[in-house]
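Written below as structure tokens is the structure these notes are about.
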Amino acid sequence: MTAVSTDLVTSNDIVGINRNDIILNMRVFGLTGNFGSGKSTVAAMFRRAGIPVIDADLVSKKVMAPGERAYSNIVLELGSGILLPNGRIDRKKLGEIVFANPARRKRLEAATHPAILEIIEEYLEKLSKKGCRAAMIEAALIHETGIKEIFEKVICVRCDEETQLRRVMARDSISREEALSRFKTQMDAKLKALESDHVIDNSGNLDETRAQVERIAKNLTKSGDETA
């Protein structure tokens with residue numbers, strides 16, 4: 001995964017949107033967590049447990065590709081200096097820019113979020129037509145953007161900070177100082193966990209994480225009246 005972690009919508013975008021507008025006849029859950037917490041690993045486990053997961057970061061990559069829905073808006077807002085020689089957006093450079101400048105990060109969000117939401121809605125509609133009764137959206141900023149209420153339940157993945165730092169440094173090829181600087185742009189991990197309905201501790205081994213996922217997946221796929 002790259003350094004940029006865009007998300008679904010800003011709080012302003014959800015005015016007039018309620019859960020029924022998003023989920024059709026499906027139950028939709030949110031999967032969140034800070035950088036390096038292991039959301040993608042947990043998402044894969046939920047898929048194996050039978051719950052389809054839509055990755056908002058992969059959707060953001062799609063809308064940023066040349067000719068796609070957000071590409072022109074991003075280049076217009078942030079300039080041609082973010083482009084690689086082949087015309088694609090340099091997501092590493094983009095990440096460096098937006099993490100260092102909150103105002104420019106807001107401009108990126110404004111350029112990408114509406115397109116990301118459109119595609120996610122399309123994916124949900126396809127899953128619904130296939131008869132899926134539940135789906136999950138993996139997104140880093142569910143709480144920060146004020147969209148928790150559009151999900152039936154939100155699951156937070158967390159781990160100890162040292163493990164998180166090592167993962168981010170290795171994944172993005174950045175220094176410890178850079179990783180710590182990026183952590184400061186995020187919601188406090190303990191608070192994010194408290195604001196969520198379920199918490200998965202991904203500090204241990206994969207078997208321990210998988211056991212937590214399977215327990216929660218079983219709980220989530222019960223009938224609405226039974227879900228804790």
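So you can find residues: chains in the structure tokens are A, B, ... in the order shown, residues in each start at 1, and ligands are numbered from 1 in order.
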
Name the residues of segment 10-183 of chain A that fall into alpha helix (DSSP H) according to DSSP on the backbone, using the chain letters and numbers of this document, as a PyMOL selection string.
chain A and resi 19-23+39-48+56-64+71-78+91-100+102-129+161-172+176-183

Identify, on the basis of only C-alpha atoms, every residue whose closest approach to Thr41 of chain A does not exceed 10 Å; exclude the query and any residue fewer than 5 positions from it along the same chain; express the result as a list in words.
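So the residues in contact are Phe46, Val157, Asn202, Leu206, Thr209 and Arg210 of chain A.
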
Residue subset to file, keeping N, CA and C atoms, as a compact mmCIF listing (two decimals), in the first residue's frame:
# COMPACT_ATOMS: atom_id res chain seq x y z
N PHE A 46 -11.61 -11.26 6.65
CA PHE A 46 -13.06 -11.12 6.56
C PHE A 46 -13.58 -11.67 5.24
N VAL A 157 -9.19 -1.88 13.65
CA VAL A 157 -7.99 -2.70 13.80
C VAL A 157 -6.92 -1.85 14.46
N ASN A 202 -4.31 -6.49 16.52
CA ASN A 202 -3.48 -7.16 15.54
C ASN A 202 -2.00 -7.12 15.94
N LEU A 206 -0.82 -14.19 13.48
CA LEU A 206 -1.96 -14.23 12.56
C LEU A 206 -3.09 -15.12 13.08
N THR A 209 -5.14 -13.09 15.46
CA THR A 209 -5.97 -12.12 14.74
C THR A 209 -7.12 -12.82 14.04
N ARG A 210 -6.83 -13.95 13.41
CA ARG A 210 -7.87 -14.69 12.66
C ARG A 210 -9.00 -15.13 13.59

DSSP strand (DSSP E) selection over segment 40-197 of chain A, as a list in words:
Val53, Ile54, Asp55, Ala134, Ala135, Met136, Ile137, Glu138, Val154, Ile155, Cys156, Val157 and Arg158 of chain A

Keeping N, CA and C atoms, export the residues of the selection given above as a CSV table (one decimal), in the first residue's frame.
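Result file follows (selection01.csv):
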chain,number,residue,atom,x,y,z
A,53,VAL,N,-15.2,-7.3,1.0
A,53,VAL,CA,-14.7,-6.1,1.5
A,53,VAL,C,-14.3,-5.2,0.3
A,54,ILE,N,-14.7,-4.0,0.3
A,54,ILE,CA,-14.3,-3.0,-0.7
A,54,ILE,C,-13.3,-2.1,-0.1
A,55,ASP,N,-12.1,-2.0,-0.7
A,55,ASP,CA,-11.0,-1.3,-0.2
A,55,ASP,C,-11.0,0.1,-0.8
A,134,ALA,N,-24.4,-8.9,3.1
A,134,ALA,CA,-23.6,-8.0,3.9
A,134,ALA,C,-22.3,-7.7,3.1
A,135,ALA,N,-21.7,-6.6,3.4
A,135,ALA,CA,-20.5,-6.2,2.8
A,135,ALA,C,-19.8,-5.3,3.8
A,136,MET,N,-18.5,-5.0,3.5
A,136,MET,CA,-17.6,-4.2,4.4
A,136,MET,C,-16.8,-3.3,3.6
A,137,ILE,N,-16.7,-2.0,4.1
A,137,ILE,CA,-15.9,-1.0,3.4
A,137,ILE,C,-14.6,-0.8,4.3
A,138,GLU,N,-13.5,-1.0,3.7
A,138,GLU,CA,-12.2,-0.7,4.4
A,138,GLU,C,-11.8,0.7,4.1
A,154,VAL,N,-19.0,-0.5,13.0
A,154,VAL,CA,-17.6,-0.2,12.6
A,154,VAL,C,-16.6,-1.0,13.4
A,155,ILE,N,-15.7,-1.7,12.7
A,155,ILE,CA,-14.7,-2.5,13.3
A,155,ILE,C,-13.4,-1.8,13.2
A,156,CYS,N,-12.6,-1.7,14.3
A,156,CYS,CA,-11.3,-1.0,14.3
A,156,CYS,C,-10.2,-2.0,14.5
A,157,VAL,N,-9.2,-1.9,13.7
A,157,VAL,CA,-8.0,-2.7,13.8
A,157,VAL,C,-6.9,-1.8,14.5
A,158,ARG,N,-6.3,-2.4,15.5
A,158,ARG,CA,-5.2,-1.6,16.1
A,158,ARG,C,-4.1,-2.6,16.5

What separation in Å, quoted to one decimal, exists between atom CA of Asp207 of chain A and atom CA of Lys153 of chain A?
23.5 Å

Hey, which of A:Lys184, A:Gln212, A:Val28, A:Asn73 ends up closest to Ala110 of chain A? Count only C-alpha atoms.
A:Asn73
